[in-house]
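Please read the structure below before turning to the comments.
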Amino acid sequence: MTAEPPFILEGPLIGLRAAEGQTINLTCKVFGSPKPRVVWKKGDEQLTGGRYRVMDDGNLEIAVSIIAKYSMIADIRQDKI
């Protein structure tokens, strides 16, 4: 099996807005070999548990309680995009 670097097929919408109390989904569709691991962050903080849920397909589900900016990283071993 040949390794292929990760790349983003579809990223989250820019400027997505939600009202407090809503649940939103941020999209992250990636490709690579082996399958990239998707990590979501707010600043330097990795988002896991609580009001954040990373889905098996890489999307992030958030129960909105504050306004913030979020970022996504997909990596295979040490490679990151």
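Identifiers in this document derive from the order of the structure tokens: chains are assigned A, B, ..., residues are numbered from 1 separately in each chain, and ligands are numbered from 1 in order of occurrence.
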**Shell around Thr2 (chain A) at 12 Å using only C-alpha atoms, local window under 2 positions removed, as a PyMOL selection string** = chain A and resi 4-5+32-35
Output N, CA and C atoms for every residue in the selection just made, as a PDB file, in the first residue's frame.
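Just written: again-v5.pdb:
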```pdb
ATOM      1  N   GLU A   4      -0.297   8.099   0.819  1.00  0.00           N
ATOM      2  CA  GLU A   4      -0.646   9.340   0.140  1.00  0.00           C
ATOM      3  C   GLU A   4      -0.887  10.398   1.197  1.00  0.00           C
ATOM      4  N   PRO A   5      -0.306  11.597   1.027  1.00  0.00           N
ATOM      5  CA  PRO A   5      -0.476  12.642   2.038  1.00  0.00           C
ATOM      6  C   PRO A   5      -1.932  13.056   2.165  1.00  0.00           C
ATOM      7  N   GLY A  32      -6.587  10.435   2.230  1.00  0.00           N
ATOM      8  CA  GLY A  32      -5.178  10.104   2.394  1.00  0.00           C
ATOM      9  C   GLY A  32      -5.060   8.621   2.644  1.00  0.00           C
ATOM     10  N   SER A  33      -3.841   8.114   2.588  1.00  0.00           N
ATOM     11  CA  SER A  33      -3.607   6.697   2.835  1.00  0.00           C
ATOM     12  C   SER A  33      -2.344   6.578   3.680  1.00  0.00           C
ATOM     13  N   PRO A  34      -2.456   6.025   4.881  1.00  0.00           N
ATOM     14  CA  PRO A  34      -3.689   5.526   5.507  1.00  0.00           C
ATOM     15  C   PRO A  34      -4.680   6.662   5.786  1.00  0.00           C
ATOM     16  N   LYS A  35      -5.899   6.286   6.160  1.00  0.00           N
ATOM     17  CA  LYS A  35      -6.953   7.273   6.408  1.00  0.00           C
ATOM     18  C   LYS A  35      -6.478   8.288   7.447  1.00  0.00           C
TER      19      LYS A  35
END
```
**Message:** Set the distance at 9 Å and use only C-alpha atoms: which residues neighbour Thr27 (chain A) once local chain neighbours fewer than 6 positions away are removed? I'd like the list as a VMD selection string.
**Reply:** chain A and resid 10 to 13 57 to 61
Same residues, N, CA and C atoms, output as an mmCIF file, in the first residue's frame:
```cif
data_model
loop_
_atom_site.group_PDB
_atom_site.id
_atom_site.type_symbol
_atom_site.label_atom_id
_atom_site.label_comp_id
_atom_site.auth_asym_id
_atom_site.auth_seq_id
_atom_site.Cartn_x
_atom_site.Cartn_y
_atom_site.Cartn_z
ATOM 1 N N GLU A 10 -13.319 18.578 1.388
ATOM 2 C CA GLU A 10 -14.335 19.582 1.703
ATOM 3 C C GLU A 10 -14.120 20.051 3.131
ATOM 4 N N GLY A 11 -13.930 21.344 3.299
ATOM 5 C CA GLY A 11 -13.712 21.914 4.625
ATOM 6 C C GLY A 11 -14.965 22.591 5.139
ATOM 7 N N PRO A 12 -14.899 23.113 6.351
ATOM 8 C CA PRO A 12 -16.061 23.780 6.945
ATOM 9 C C PRO A 12 -16.401 25.068 6.198
ATOM 10 N N LEU A 13 -17.662 25.438 6.240
ATOM 11 C CA LEU A 13 -18.095 26.695 5.644
ATOM 12 C C LEU A 13 -17.457 27.855 6.393
ATOM 13 N N ASP A 57 -16.874 10.420 10.562
ATOM 14 C CA ASP A 57 -16.531 10.936 9.229
ATOM 15 C C ASP A 57 -15.653 12.180 9.292
ATOM 16 N N GLY A 58 -15.276 12.640 10.513
ATOM 17 C CA GLY A 58 -14.401 13.792 10.675
ATOM 18 C C GLY A 58 -15.127 15.095 10.957
ATOM 19 N N ASN A 59 -16.445 15.120 10.783
ATOM 20 C CA ASN A 59 -17.208 16.331 11.073
ATOM 21 C C ASN A 59 -17.218 16.608 12.570
ATOM 22 N N LEU A 60 -17.410 17.876 12.931
ATOM 23 C CA LEU A 60 -17.471 18.272 14.330
ATOM 24 C C LEU A 60 -18.869 18.766 14.645
ATOM 25 N N GLU A 61 -19.481 18.199 15.677
ATOM 26 C CA GLU A 61 -20.794 18.642 16.153
ATOM 27 C C GLU A 61 -20.574 19.456 17.429
#
```
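Here CA of Ile24 (chain A) stands at a distance of 22.8 Å from CA of Pro36 (chain A).
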**Message:** Just want the 6 Å neighbourhood of Val30 (chain A), counted on only C-alpha atoms, with same-chain residues fewer than 2 positions away dropped. Output as an MDAnalysis selection string.
**Reply:** chainID A and resid 7:9
Using the selection just defined, write its residues with N, CA and C atoms as a PDB file, in the first residue's frame.
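So the final result, stored in selection.pdb, reads:
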```pdb
ATOM      1  N   PHE A   7      -5.226  15.327   2.284  1.00  0.00           N
ATOM      2  CA  PHE A   7      -5.682  16.601   1.748  1.00  0.00           C
ATOM      3  C   PHE A   7      -7.171  16.745   1.996  1.00  0.00           C
ATOM      4  N   ILE A   8      -7.608  17.978   2.048  1.00  0.00           N
ATOM      5  CA  ILE A   8      -9.001  18.288   2.373  1.00  0.00           C
ATOM      6  C   ILE A   8      -9.840  18.254   1.104  1.00  0.00           C
ATOM      7  N   LEU A   9     -10.855  17.386   1.081  1.00  0.00           N
ATOM      8  CA  LEU A   9     -11.804  17.324  -0.023  1.00  0.00           C
ATOM      9  C   LEU A   9     -12.869  18.401   0.146  1.00  0.00           C
TER      10      LEU A   9
END
```
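Straight-line separation from CA of Lys29 (chain A) to CA of Leu16 (chain A): 16.8 Å.
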**Item:** Computed interatomic separation between CA of Ser65 (chain A) and CA of Arg17 (chain A) (Å)
**Value:** 12.1 Å
**Asked** Neighbours of Ser71 (chain A) within 8 Å (only C-alpha atoms; same-chain residues fewer than 6 positions away dropped), as a ChimeraX atom specification?
**Response** /A:40-43
**Message:** Neighbouring residues of Gln46 (chain A) were defined as those with any atom within 12 Å, considering only C-alpha atoms; residues of the same chain fewer than 6 positions away were excluded. Please report them as an NGL selection string.
**Reply:** :A and (38-40 or 52-54 or 60 or 70-73)
So that I have them on file, write out the residues from the current selection with N, CA and C atoms, as a PDB file, in the first residue's frame.
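Generated file (part_24.pdb):
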```pdb
ATOM      1  N   VAL A  38      -8.615  13.060  11.974  1.00  0.00           N
ATOM      2  CA  VAL A  38      -9.051  14.457  12.002  1.00  0.00           C
ATOM      3  C   VAL A  38      -9.077  14.955  13.440  1.00  0.00           C
ATOM      4  N   VAL A  39      -8.458  16.106  13.662  1.00  0.00           N
ATOM      5  CA  VAL A  39      -8.421  16.740  14.975  1.00  0.00           C
ATOM      6  C   VAL A  39      -8.988  18.150  14.818  1.00  0.00           C
ATOM      7  N   TRP A  40      -9.921  18.510  15.667  1.00  0.00           N
ATOM      8  CA  TRP A  40     -10.496  19.860  15.673  1.00  0.00           C
ATOM      9  C   TRP A  40      -9.932  20.617  16.863  1.00  0.00           C
ATOM     10  N   TYR A  52     -18.612  19.118  22.528  1.00  0.00           N
ATOM     11  CA  TYR A  52     -17.982  18.831  21.236  1.00  0.00           C
ATOM     12  C   TYR A  52     -18.015  17.335  20.965  1.00  0.00           C
ATOM     13  N   ARG A  53     -18.329  16.982  19.720  1.00  0.00           N
ATOM     14  CA  ARG A  53     -18.304  15.571  19.345  1.00  0.00           C
ATOM     15  C   ARG A  53     -17.732  15.444  17.935  1.00  0.00           C
ATOM     16  N   VAL A  54     -16.564  14.802  17.820  1.00  0.00           N
ATOM     17  CA  VAL A  54     -15.984  14.540  16.514  1.00  0.00           C
ATOM     18  C   VAL A  54     -16.611  13.241  16.003  1.00  0.00           C
ATOM     19  N   LEU A  60     -17.410  17.876  12.931  1.00  0.00           N
ATOM     20  CA  LEU A  60     -17.471  18.272  14.330  1.00  0.00           C
ATOM     21  C   LEU A  60     -18.869  18.766  14.645  1.00  0.00           C
ATOM     22  N   TYR A  70     -12.898  28.072  15.112  1.00  0.00           N
ATOM     23  CA  TYR A  70     -12.455  26.688  15.193  1.00  0.00           C
ATOM     24  C   TYR A  70     -11.575  26.361  13.998  1.00  0.00           C
ATOM     25  N   SER A  71     -10.629  25.439  14.170  1.00  0.00           N
ATOM     26  CA  SER A  71      -9.778  24.995  13.072  1.00  0.00           C
ATOM     27  C   SER A  71      -9.726  23.475  13.056  1.00  0.00           C
ATOM     28  N   MET A  72      -9.306  22.927  11.895  1.00  0.00           N
ATOM     29  CA  MET A  72      -9.276  21.486  11.701  1.00  0.00           C
ATOM     30  C   MET A  72      -7.897  21.078  11.221  1.00  0.00           C
ATOM     31  N   ILE A  73      -7.405  19.936  11.701  1.00  0.00           N
ATOM     32  CA  ILE A  73      -6.129  19.373  11.261  1.00  0.00           C
ATOM     33  C   ILE A  73      -6.377  17.921  10.895  1.00  0.00           C
TER      34      ILE A  73
END
```
